[in-house]
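What's in start_24.csv: CSV, C-alpha atoms and all ligand atoms
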chain,number,residue,atom,x,y,z
A,12,MET,CA,84.0,120.3,75.2
A,13,THR,CA,87.0,120.1,77.5
A,14,ARG,CA,86.9,121.7,80.9
A,15,THR,CA,89.6,123.8,82.5
A,16,VAL,CA,89.9,123.1,86.2
A,17,ALA,CA,92.0,124.4,89.1
A,18,ALA,CA,94.9,122.2,90.1
A,19,ILE,CA,98.3,122.1,91.8
A,20,VAL,CA,101.0,121.6,89.1
A,21,ALA,CA,104.7,121.0,88.9
A,22,ARG,CA,106.2,123.2,86.1
A,23,THR,CA,109.8,121.8,86.4
A,24,PRO,CA,111.3,118.7,88.1
A,25,ASP,CA,113.0,120.7,90.9
A,26,GLY,CA,110.8,123.8,91.4
A,27,PRO,CA,107.9,124.2,93.9
A,28,LEU,CA,104.4,123.1,93.1
A,29,GLU,CA,102.2,126.0,92.1
A,30,PRO,CA,98.5,126.8,91.5
A,31,GLY,CA,97.6,126.0,87.9
A,32,VAL,CA,95.0,124.3,85.7
A,33,VAL,CA,94.5,121.1,83.9
A,34,GLU,CA,92.2,120.2,81.1
A,35,ARG,CA,89.6,117.4,81.5
A,36,ARG,CA,88.0,115.7,78.5
A,37,GLU,CA,84.3,115.7,77.9
A,38,VAL,CA,82.4,112.9,79.6
A,39,GLY,CA,82.3,110.0,77.2
A,40,PRO,CA,79.6,107.2,77.3
A,41,ARG,CA,81.5,105.1,79.8
A,42,ASP,CA,83.1,108.0,81.7
A,43,VAL,CA,82.4,109.5,85.1
A,44,ARG,CA,83.3,113.0,86.1
A,45,ILE,CA,84.3,113.2,89.7
A,46,ASP,CA,84.6,116.4,91.8
A,47,VAL,CA,87.7,115.7,93.9
A,48,VAL,CA,87.2,116.3,97.6
A,49,TRP,CA,90.3,114.8,99.1
A,50,ALA,CA,93.7,113.9,97.4
A,51,GLY,CA,96.4,111.9,99.2
A,52,ILE,CA,100.1,112.7,98.8
A,53,CYS,CA,102.1,109.5,97.9
A,54,HIS,CA,105.9,109.4,97.8
A,55,SER,CA,105.5,108.3,94.1
A,56,ASP,CA,104.1,111.8,93.4
A,57,ILE,CA,107.5,113.2,94.5
A,58,HIS,CA,109.6,110.5,92.7
A,59,THR,CA,107.7,111.2,89.5
A,60,VAL,CA,107.9,115.0,89.5
A,61,ARG,CA,111.6,115.0,90.5
A,62,GLY,CA,112.3,112.7,87.5
A,63,ASP,CA,113.6,109.8,89.7
A,64,TRP,CA,112.0,107.2,87.4
A,65,GLY,CA,112.4,109.1,84.1
A,66,ALA,CA,111.7,112.3,82.3
A,67,GLN,CA,108.2,113.8,82.5
A,68,THR,CA,106.2,116.3,80.5
A,69,TYR,CA,105.4,119.5,82.4
A,70,PRO,CA,103.3,121.1,83.7
A,71,LEU,CA,102.1,118.0,85.5
A,72,ALA,CA,99.5,117.6,88.2
A,73,VAL,CA,100.2,114.4,90.2
A,74,GLY,CA,98.1,112.6,92.8
A,75,HIS,CA,96.7,109.0,92.6
A,76,GLU,CA,94.8,108.8,95.9
A,77,ILE,CA,91.5,110.4,95.0
A,78,ALA,CA,88.3,110.6,97.0
A,79,GLY,CA,85.4,112.5,95.5
A,80,VAL,CA,81.8,112.7,94.5
A,81,VAL,CA,80.3,111.7,91.2
A,82,ALA,CA,79.2,114.9,89.3
A,83,GLU,CA,78.2,113.5,85.9
A,84,VAL,CA,77.9,110.0,84.3
A,85,GLY,CA,78.1,109.0,80.7
A,86,ALA,CA,75.0,107.5,79.0
A,87,GLN,CA,76.3,103.9,79.3
A,88,VAL,CA,77.5,104.0,82.9
A,89,GLU,CA,75.9,101.5,85.1
A,90,GLY,CA,76.2,101.2,88.9
A,91,LEU,CA,77.5,104.7,89.6
A,92,ALA,CA,75.2,107.6,90.3
A,93,VAL,CA,75.6,111.4,90.6
A,94,GLY,CA,76.2,112.3,94.3
A,95,GLN,CA,77.9,108.9,95.1
A,96,ARG,CA,81.2,108.9,97.0
A,97,VAL,CA,83.9,107.3,94.8
A,98,GLY,CA,87.6,106.8,94.6
A,99,VAL,CA,90.3,106.6,91.9
A,100,GLY,CA,93.8,105.1,92.5
A,101,CYS,CA,96.9,104.7,90.4
A,102,MET,CA,95.3,103.5,87.1
A,103,VAL,CA,92.8,105.1,84.7
A,104,GLY,CA,93.1,102.6,81.8
A,105,SER,CA,94.4,99.3,80.6
A,106,CYS,CA,93.7,97.2,77.5
A,107,ARG,CA,91.0,95.2,79.3
A,108,ASP,CA,91.7,92.3,76.9
A,109,CYS,CA,95.0,90.6,77.7
A,110,ALA,CA,95.2,87.6,80.0
A,111,ASN,CA,96.1,89.7,83.0
A,112,CYS,CA,93.4,92.3,82.4
A,113,ARG,CA,90.8,89.5,82.0
A,114,ALA,CA,92.0,88.0,85.3
A,115,GLY,CA,91.5,91.3,87.1
A,116,ARG,CA,95.2,92.1,87.3
A,117,GLU,CA,95.0,95.3,85.3
A,118,GLN,CA,98.1,96.6,87.0
A,119,TYR,CA,100.0,93.9,85.1
A,120,CYS,CA,98.3,94.6,81.8
A,121,GLU,CA,100.6,93.2,79.0
A,122,ARG,CA,100.3,96.4,77.1
A,123,GLY,CA,100.9,98.5,80.2
A,124,PHE,CA,98.3,100.2,82.3
A,125,THR,CA,97.6,103.9,82.0
A,126,ASP,CA,98.9,105.7,85.1
A,127,THR,CA,96.6,108.3,86.6
A,128,TYR,CA,99.2,110.9,85.9
A,129,GLY,CA,102.1,111.4,83.6
A,130,ALA,CA,101.1,108.7,81.1
A,131,ARG,CA,100.0,109.0,77.5
A,132,ASP,CA,96.3,108.5,77.3
A,133,ALA,CA,94.3,106.9,74.5
A,134,ASP,CA,93.6,110.4,73.0
A,135,GLY,CA,97.3,111.3,73.0
A,136,THR,CA,97.2,113.7,75.9
A,137,ILE,CA,99.2,113.2,79.1
A,138,THR,CA,97.1,112.1,82.0
A,139,GLN,CA,96.8,114.6,84.9
A,140,GLY,CA,96.3,113.4,88.5
A,141,GLY,CA,94.2,114.1,91.5
A,142,TYR,CA,95.7,117.4,92.9
A,143,ALA,CA,92.9,119.0,91.0
A,144,ALA,CA,89.3,120.1,91.4
A,145,SER,CA,87.8,117.3,89.2
A,146,ILE,CA,88.8,114.3,87.0
A,147,VAL,CA,87.1,112.3,84.2
A,148,VAL,CA,87.7,108.5,84.4
A,149,ASP,CA,86.4,105.4,82.7
A,150,GLU,CA,83.9,103.8,85.1
A,151,HIS,CA,85.9,100.6,85.3
A,152,PHE,CA,88.6,102.4,87.2
A,153,VAL,CA,86.3,104.1,89.6
A,154,LEU,CA,85.8,102.4,93.1
A,155,SER,CA,82.8,102.7,95.4
A,156,LEU,CA,83.7,104.0,98.8
A,157,PRO,CA,81.9,102.2,101.6
A,158,ASP,CA,79.9,104.6,103.9
A,159,ALA,CA,81.6,103.2,107.0
A,160,LEU,CA,85.0,104.7,105.9
A,161,PRO,CA,85.3,108.4,106.9
A,162,PHE,CA,85.6,110.5,103.7
A,163,GLU,CA,88.6,112.6,104.8
A,164,LYS,CA,90.6,109.5,105.6
A,165,VAL,CA,89.8,107.1,102.8
A,166,ALA,CA,91.9,108.5,99.9
A,167,PRO,CA,95.2,106.9,101.0
A,168,LEU,CA,93.6,103.5,100.7
A,169,LEU,CA,93.5,103.9,96.9
A,170,CYS,CA,97.3,103.6,96.7
A,171,ALA,CA,99.0,103.0,100.1
A,172,GLY,CA,96.2,100.6,101.1
A,173,ILE,CA,96.0,98.4,98.0
A,174,THR,CA,99.8,98.4,97.4
A,175,THR,CA,100.3,96.7,100.7
A,176,TYR,CA,97.1,94.7,100.8
A,177,SER,CA,97.9,92.9,97.5
A,178,PRO,CA,101.3,91.5,98.5
A,179,LEU,CA,100.1,90.6,102.0
A,180,ARG,CA,97.3,88.5,100.4
A,181,ARG,CA,99.6,87.1,97.7
A,182,TRP,CA,102.2,85.9,100.2
A,183,GLY,CA,99.6,84.6,102.7
A,184,ALA,CA,99.8,87.0,105.7
A,185,GLY,CA,97.6,85.5,108.4
A,186,PRO,CA,97.6,83.8,111.8
A,187,GLY,CA,101.0,82.3,112.7
A,188,VAL,CA,102.8,84.2,109.9
A,189,ARG,CA,105.6,86.5,111.1
A,190,VAL,CA,105.6,89.6,109.0
A,191,ALA,CA,108.1,92.4,109.2
A,192,VAL,CA,107.3,95.8,107.7
A,193,VAL,CA,110.3,97.9,106.8
A,194,GLY,CA,109.7,101.7,106.9
A,195,MET,CA,106.6,103.1,108.5
A,196,GLY,CA,105.4,105.9,106.3
A,197,GLY,CA,102.2,106.1,104.2
A,198,LEU,CA,102.5,102.5,102.8
A,199,GLY,CA,104.2,101.1,105.9
A,200,HIS,CA,101.6,102.1,108.4
A,201,MET,CA,98.9,100.6,106.2
A,202,ALA,CA,100.9,97.4,105.8
A,203,VAL,CA,101.0,97.2,109.7
A,204,LYS,CA,97.3,97.8,110.1
A,205,LEU,CA,96.3,95.4,107.3
A,206,ALA,CA,98.6,92.6,108.3
A,207,VAL,CA,97.4,92.9,112.0
A,208,ALA,CA,93.8,92.7,110.8
A,209,MET,CA,94.7,89.6,108.7
A,210,GLY,CA,95.9,88.0,112.0
A,211,ALA,CA,99.7,88.0,111.3
A,212,ASP,CA,102.3,88.7,114.0
A,213,VAL,CA,103.7,92.1,112.8
A,214,THR,CA,107.1,93.6,113.6
A,215,VAL,CA,108.0,97.1,112.4
A,216,LEU,CA,111.6,97.9,111.4
A,217,SER,CA,112.1,101.6,111.3
A,218,GLN,CA,115.2,103.9,111.1
A,219,THR,CA,114.7,105.2,114.7
A,220,SER,CA,112.5,104.5,117.7
A,221,SER,CA,110.4,107.7,117.2
A,222,LYS,CA,107.5,105.7,115.7
A,223,ARG,CA,107.6,102.9,118.3
A,224,ALA,CA,104.5,103.9,120.3
A,225,ASP,CA,102.5,104.3,117.1
A,226,ALA,CA,103.6,101.0,115.7
A,227,LEU,CA,102.5,99.2,118.9
A,228,GLY,CA,99.3,101.2,118.9
A,229,PHE,CA,98.6,99.9,115.4
A,230,GLY,CA,98.8,96.4,116.7
A,231,ALA,CA,102.4,95.4,116.0
A,232,VAL,CA,103.9,93.0,118.5
A,233,ALA,CA,107.4,94.6,118.2
A,234,HIS,CA,109.3,97.6,116.9
A,235,HIS,CA,113.0,97.8,116.3
A,236,ALA,CA,115.2,100.7,115.3
A,237,THR,CA,117.5,99.6,112.4
A,238,SER,CA,120.0,102.4,113.3
A,239,ASP,CA,121.3,99.8,115.8
A,240,PRO,CA,123.2,97.2,113.7
A,241,ALA,CA,122.9,94.6,116.4
A,242,VAL,CA,119.2,94.3,115.5
A,243,PHE,CA,120.2,92.4,112.4
A,244,ASP,CA,122.0,89.7,114.4
A,245,ARG,CA,119.3,89.5,117.1
A,246,LEU,CA,116.5,89.1,114.5
A,247,ALA,CA,118.3,86.7,112.1
A,248,ARG,CA,115.8,84.1,110.7
A,249,SER,CA,112.9,85.6,112.5
A,250,PHE,CA,110.4,86.3,109.7
A,251,ASP,CA,108.3,84.5,107.1
A,252,LEU,CA,107.5,87.7,105.1
A,253,ILE,CA,109.2,91.1,104.9
A,254,VAL,CA,107.3,93.9,103.2
A,255,ASN,CA,109.8,96.6,102.2
A,256,THR,CA,108.1,100.0,101.8
A,257,VAL,CA,111.2,102.2,101.9
A,258,SER,CA,111.6,104.9,99.3
A,259,ALA,CA,115.4,104.7,99.3
A,260,SER,CA,118.0,102.0,98.7
A,261,LEU,CA,118.7,99.6,101.6
A,262,ASP,CA,121.4,97.0,102.5
A,263,PHE,CA,119.1,94.3,101.0
A,264,ASP,CA,121.3,91.4,102.1
A,265,ALA,CA,121.0,92.5,105.7
A,266,TYR,CA,117.2,92.4,105.5
A,267,LEU,CA,117.2,89.1,103.6
A,268,GLY,CA,119.2,87.6,106.5
A,269,LEU,CA,116.1,88.1,108.7
A,270,LEU,CA,114.1,85.6,106.7
A,271,ASP,CA,113.5,82.1,108.1
A,272,PHE,CA,113.3,79.0,105.8
A,273,GLY,CA,111.3,79.7,102.6
A,274,GLY,CA,110.7,83.3,103.5
A,275,THR,CA,110.0,86.1,101.0
A,276,MET,CA,111.1,89.7,101.0
A,277,VAL,CA,108.6,91.6,98.8
A,278,ASN,CA,109.5,95.1,97.7
A,279,VAL,CA,107.0,97.8,97.1
A,280,GLY,CA,109.3,100.8,97.9
A,281,ALA,CA,110.6,102.1,94.6
A,282,PRO,CA,114.0,103.8,94.8
A,283,PRO,CA,115.4,104.6,91.3
A,284,GLU,CA,118.6,102.6,91.8
A,285,PRO,CA,119.0,98.8,91.1
A,286,ALA,CA,118.8,96.6,94.2
A,287,PRO,CA,122.0,94.6,94.7
A,288,VAL,CA,121.5,91.2,96.3
A,289,THR,CA,124.1,88.5,97.0
A,290,LEU,CA,122.6,85.2,95.6
A,291,PHE,CA,124.1,83.2,98.5
A,292,THR,CA,121.8,85.1,100.8
A,293,LEU,CA,118.9,83.6,98.8
A,294,PHE,CA,120.4,80.1,98.7
A,295,THR,CA,120.5,80.1,102.5
A,296,ASN,CA,117.0,79.1,103.7
A,297,GLN,CA,115.7,79.1,100.1
A,298,ARG,CA,114.6,82.7,100.3
A,299,SER,CA,112.8,84.7,97.7
A,300,PHE,CA,113.3,88.4,96.7
A,301,ALA,CA,110.1,89.7,95.1
A,302,GLY,CA,108.2,92.8,94.0
A,303,SER,CA,104.6,93.9,93.7
A,304,THR,CA,102.7,96.8,92.0
A,305,ILE,CA,99.5,98.3,93.4
A,306,GLY,CA,96.6,95.9,92.9
A,307,GLY,CA,93.8,95.1,90.5
A,308,ILE,CA,90.4,97.0,90.5
A,309,ALA,CA,88.4,94.1,91.9
A,310,GLU,CA,91.1,93.6,94.6
A,311,THR,CA,91.0,97.3,95.4
A,312,GLN,CA,87.3,97.1,96.0
A,313,GLU,CA,87.9,94.0,98.1
A,314,MET,CA,90.5,95.9,100.2
A,315,LEU,CA,88.1,98.9,100.7
A,316,ASN,CA,85.4,96.5,101.9
A,317,PHE,CA,87.9,94.7,104.1
A,318,CYS,CA,88.9,98.0,105.7
A,319,ALA,CA,85.2,99.0,106.2
A,320,GLU,CA,84.6,95.6,107.9
A,321,HIS,CA,87.6,95.7,110.1
A,322,GLY,CA,87.4,99.5,110.9
A,323,ILE,CA,90.8,100.2,109.3
A,324,VAL,CA,91.5,103.8,108.3
A,325,PRO,CA,94.8,105.5,107.5
A,326,GLU,CA,96.2,108.1,109.9
A,327,VAL,CA,96.0,111.4,108.0
A,328,GLU,CA,96.9,115.0,108.4
A,329,THR,CA,94.6,117.1,106.2
A,330,ILE,CA,96.2,120.2,104.6
A,331,ARG,CA,95.2,123.1,102.5
A,332,ALA,CA,96.5,123.3,98.9
A,333,ASP,CA,98.9,126.1,99.8
A,334,GLN,CA,100.7,123.7,102.3
A,335,VAL,CA,101.6,121.1,99.7
A,336,ASN,CA,105.2,122.1,99.3
A,337,ASP,CA,105.8,121.9,103.1
A,338,ALA,CA,104.1,118.6,103.1
A,339,TRP,CA,106.4,117.2,100.4
A,340,GLU,CA,109.4,118.4,102.4
A,341,ARG,CA,108.1,116.6,105.4
A,342,VAL,CA,107.5,113.4,103.4
A,343,LEU,CA,111.1,113.5,102.2
A,344,LYS,CA,112.3,113.8,105.9
A,345,SER,CA,110.2,110.8,107.0
A,346,ASP,CA,108.2,113.3,109.0
A,347,VAL,CA,104.7,112.3,108.1
A,348,ARG,CA,102.2,110.6,110.4
A,349,TYR,CA,101.2,109.0,108.3
A,350,ARG,CA,99.7,110.5,105.1
A,351,PHE,CA,99.0,114.0,104.0
A,352,VAL,CA,95.6,114.6,102.4
A,353,ILE,CA,94.9,117.8,100.5
A,354,ASP,CA,91.4,119.4,101.0
A,355,ALA,CA,90.5,120.0,97.4
A,356,SER,CA,88.1,122.8,98.3
A,357,THR,CA,91.1,125.0,99.0
A,358,LEU,CA,92.4,124.7,95.4
A,359,LYS,CA,92.7,128.0,93.7
A,360,GLY,CA,93.7,128.1,90.0
A,361,PRO,CA,95.3,131.2,88.5
A,362,SER,CA,92.7,133.9,88.0
A,363,GLY,CA,89.9,132.8,85.7
A,364,ALA,CA,90.0,129.0,86.5
A,365,THR,CA,86.8,127.6,88.0
A,366,ALA,CA,86.7,125.5,91.1
A,367,ALA,CA,85.3,122.4,89.3
B,401,LIG,P1,106.8,107.6,102.8
B,401,LIG,O1,105.5,107.9,103.4
B,401,LIG,O2,107.9,108.6,102.5
B,401,LIG,O3,107.4,106.3,103.6
B,401,LIG,C1,108.7,105.8,103.4
B,401,LIG,C2,109.3,105.4,104.7
B,401,LIG,O4,110.5,104.7,104.5
B,401,LIG,C3,109.7,106.6,105.6
B,401,LIG,O5,108.6,107.0,106.4
B,401,LIG,C4,110.7,105.9,106.5
B,401,LIG,O6,110.1,105.2,107.5
B,401,LIG,C5,111.4,105.0,105.5
B,401,LIG,N1,112.7,105.6,104.9
B,401,LIG,C6,112.7,106.7,104.2
B,401,LIG,N2,114.0,107.0,103.8
B,401,LIG,C7,114.7,105.9,104.3
B,401,LIG,C8,116.1,105.6,104.2
B,401,LIG,N3,117.0,106.4,103.6
B,401,LIG,N4,116.5,104.5,104.9
B,401,LIG,C9,115.6,103.7,105.5
B,401,LIG,N5,114.3,104.0,105.6
B,401,LIG,C10,113.9,105.1,105.0
B,401,LIG,O7,106.6,106.9,101.3
B,401,LIG,P2,105.3,106.1,100.8
B,401,LIG,O8,104.4,107.0,100.1
B,401,LIG,O9,104.9,105.2,101.8
B,401,LIG,O10,106.0,105.3,99.6
B,401,LIG,C11,107.1,104.4,99.9
B,401,LIG,C12,107.7,103.9,98.6
B,401,LIG,O11,106.8,103.0,97.9
B,401,LIG,C13,108.1,105.0,97.6
B,401,LIG,O12,109.3,104.6,96.9
B,401,LIG,C14,106.9,104.9,96.6
B,401,LIG,O13,107.2,105.4,95.3
B,401,LIG,C15,106.7,103.4,96.5
B,401,LIG,N6,105.4,103.0,96.0
B,401,LIG,C16,105.3,101.9,95.3
B,401,LIG,C17,104.1,101.4,94.9
B,401,LIG,C18,104.1,100.1,94.1
B,401,LIG,O14,103.1,99.8,93.5
B,401,LIG,N7,105.1,99.2,94.2
B,401,LIG,C19,103.0,102.1,95.1
B,401,LIG,C20,103.0,103.2,95.9
B,401,LIG,C21,104.3,103.7,96.4
B,401,LIG,P3,110.8,105.1,109.0
B,401,LIG,O15,110.8,106.5,109.5
B,401,LIG,O16,109.8,104.1,109.7
B,401,LIG,O17,112.2,104.5,108.9
B,402,ZN,ZN,101.1,105.9,95.3
B,403,ZN,ZN,95.7,94.3,79.4
Take the structure in the file and give it back as structure tokens.
Ligand code: NAP
Ligand code: ZN
Ligand code: ZN
Amino acid sequence: MTRTVAAIVARTPDGPLEPGVVERREVGPRDVRIDVVWAGICHSDIHTVRGDWGAQTYPLAVGHEIAGVVAEVGAQVEGLAVGQRVGVGCMVGSCRDCANCRAGREQYCERGFTDTYGARDADGTITQGGYAASIVVDEHFVLSLPDALPFEKVAPLLCAGITTYSPLRRWGAGPGVRVAVVGMGGLGHMAVKLAVAMGADVTVLSQTSSKRADALGFGAVAHHATSDPAVFDRLARSFDLIVNTVSASLDFDAYLGLLDFGGTMVNVGAPPEPAPVTLFTLFTNQRSFAGSTIGGIAETQEMLNFCAEHGIVPEVETIRADQVNDAWERVLKSDVRYRFVIDASTLKGPSGATAA
């Protein structure tokens, strides 16, 4: 029997989020039902609801940074137990059979992975995300949360953490590597903390100097405000790797000019517009312009363990469910330090909906 649970839903692309409900499927043999305790707010939630990346089906509950407690396990579930703290990120399914899935790169599944929200699920329904009292997920896509990570801070690792960890590893952030992080919001601040822990020399490129003290506090060696155009001359050919986390379009050539020989600019920020690049900027210094999507499940567990080992936690501001619209406005104004996390115990569905 499906379960109706309290949620925060978008009913239109432009309207405010409202209390609502979502349906959760019955727990199948390999499923886990999780009572959501904390749900992070990612800029992708806003892009999706606003239709930046394409039309959606409404009502829609978003949220793909989920920390919760196992409430029920299917008969064939191994390694997860009722009462355990677990996480769910951006994926709840993939074919598990293609070369990428077999290699642990489910996010590059050749048949397309199933997004935690707004995707057509195997049973034909549209997936509903983590701004909800509970969720049912195939055990393969459920992560164990190390005890060392504080529960109310861990949720943003499930998207912001892995989305920056994966390209930092792929492009070899480590001692002697000069890394620039562009944009210091949810993803950007995790990129800084992770790259510092990997031993890289990290510089933050932010629109203004308002986040300078925080950037240095996270271990960056330098911070520059890109509102000053002279910065691009001063820092020409200064970096081996640029991680771009900005949710809007940039002057990509200007940033590429900051790469030294053989350097790469990897984009994780996802504005809806194409990203124009002058090829001569790439010819110079044999530069690369790249992209990266979240991370695989095994790599996500590796990232969680890395954070536990190195004492890395996101900076969060916890909010009640009724503050979510204000929080979205603040994300859009780059006024988030550095991730909002919804306390799921404050969710109230319309009358009649149960808490879990
Ligand atoms: P966020 O918290 O809003 O951070 C984005 C930051 O970019 C802002 O804090 C701001 O930093 C900077 N910024 C915003 N508007 C700007 C503009 N017009 N010009 C220059 N800089 C600007 O967002 P987020 O949650 O970290 O997500 C960032 C992007 O990554 C979004 O597009 C999201 O959809 C995408 N994303 C991609 C993946 C993936 O798998 N590739 C996964 C998750 C998210 P400063 O104040 O420091 O300038
Ligand atoms: Zn996200
Ligand atoms: Zn696959």
Q) With only C-alpha atoms as the basis for distance, which of A:Glu340, A:Asp134, A:Asp126, A:Asp346 is at the shortest distance from Thr219 of chain A? A)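 Checking each of A:Glu340, A:Asp134, A:Asp126, A:Asp346 against Thr219 of chain A, counting only C-alpha atoms, the winner is A:Asp346.
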Q.
Can you pull out the residues contacting Ala82 of chain A? Cut-off 6 Å, using only C-alpha atoms, and skip same-chain residues under 4 positions away; I want them as a list in words.
A.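 Using only C-alpha atoms, the neighbours found are Arg44, Ile45 and Val93 of chain A.
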Q: May I ask which of the residues A:Val84, A:Cys53, A:Ile353, A:Ile308 is the closest one to ligand LIG 401 (chain B), counting only C-alpha atoms and all ligand atoms?
A: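 Looking at the shortest contact to ligand LIG 401 (chain B), the residue is A:Cys53.
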All residues 6 Å or closer to segment 136-142 of chain A, only C-alpha atoms, same chain fewer than 4 positions away omitted, as an mmCIF file with C-alpha atoms, in the coordinates of the input:
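Writing the result to result-v7.cif gives the following:
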data_model
loop_
_atom_site.group_PDB
_atom_site.id
_atom_site.type_symbol
_atom_site.label_atom_id
_atom_site.label_comp_id
_atom_site.auth_asym_id
_atom_site.auth_seq_id
_atom_site.Cartn_x
_atom_site.Cartn_y
_atom_site.Cartn_z
ATOM 1 C CA ALA A 18 94.900 122.200 90.100
ATOM 2 C CA ILE A 19 98.300 122.100 91.800
ATOM 3 C CA ALA A 50 93.700 113.900 97.400
ATOM 4 C CA ALA A 72 99.500 117.600 88.200
ATOM 5 C CA VAL A 73 100.200 114.400 90.200
ATOM 6 C CA GLY A 74 98.100 112.600 92.800
ATOM 7 C CA HIS A 75 96.700 109.000 92.600
ATOM 8 C CA ILE A 77 91.500 110.400 95.000
ATOM 9 C CA THR A 127 96.600 108.300 86.600
ATOM 10 C CA TYR A 128 99.200 110.900 85.900
ATOM 11 C CA GLY A 129 102.100 111.400 83.600
ATOM 12 C CA ALA A 130 101.100 108.700 81.100
ATOM 13 C CA ARG A 131 100.000 109.000 77.500
ATOM 14 C CA ASP A 132 96.300 108.500 77.300
#
**Q.** Å distance separating atom CA of Phe291 of chain A from atom CA of Ala241 of chain A, one decimal place
**A.**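 Taking atom CA of Phe291 of chain A as the start and atom CA of Ala241 of chain A as the end point, the length is 21.3 Å.
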Q: Grab me every residue within 6 Å of ligand LIG 401 (chain B), counting all atoms listed in the file, and send it over as a list in words.
A: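 So the residues close to ligand LIG 401 (chain B) are Cys53, His54, Ser55, Cys170, Ala171, Thr174, Gly194, Met195, Gly196, Gly197, Leu198, Gly199, Ser217, Gln218, Thr256, Val257, Ser258, Ala259, Val279, Gly280, Ala281, Pro282, Ser303, Thr304, Ile305, Val342, Leu343 and Ser345 of chain A.
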Q.
Using all atoms listed in the file, can you tell me which of A:Met12, A:Ala21, A:Ile52, A:Val190 comes closest to ligand ZN 402 (chain B)?
A. A:Ile52
Q) Quick one: residues within 8 Å of ligand ZN 403 (chain B), with only C-alpha atoms and all ligand atoms, as a PyMOL selection string? A) chain A and resi 105-113+117+119-124
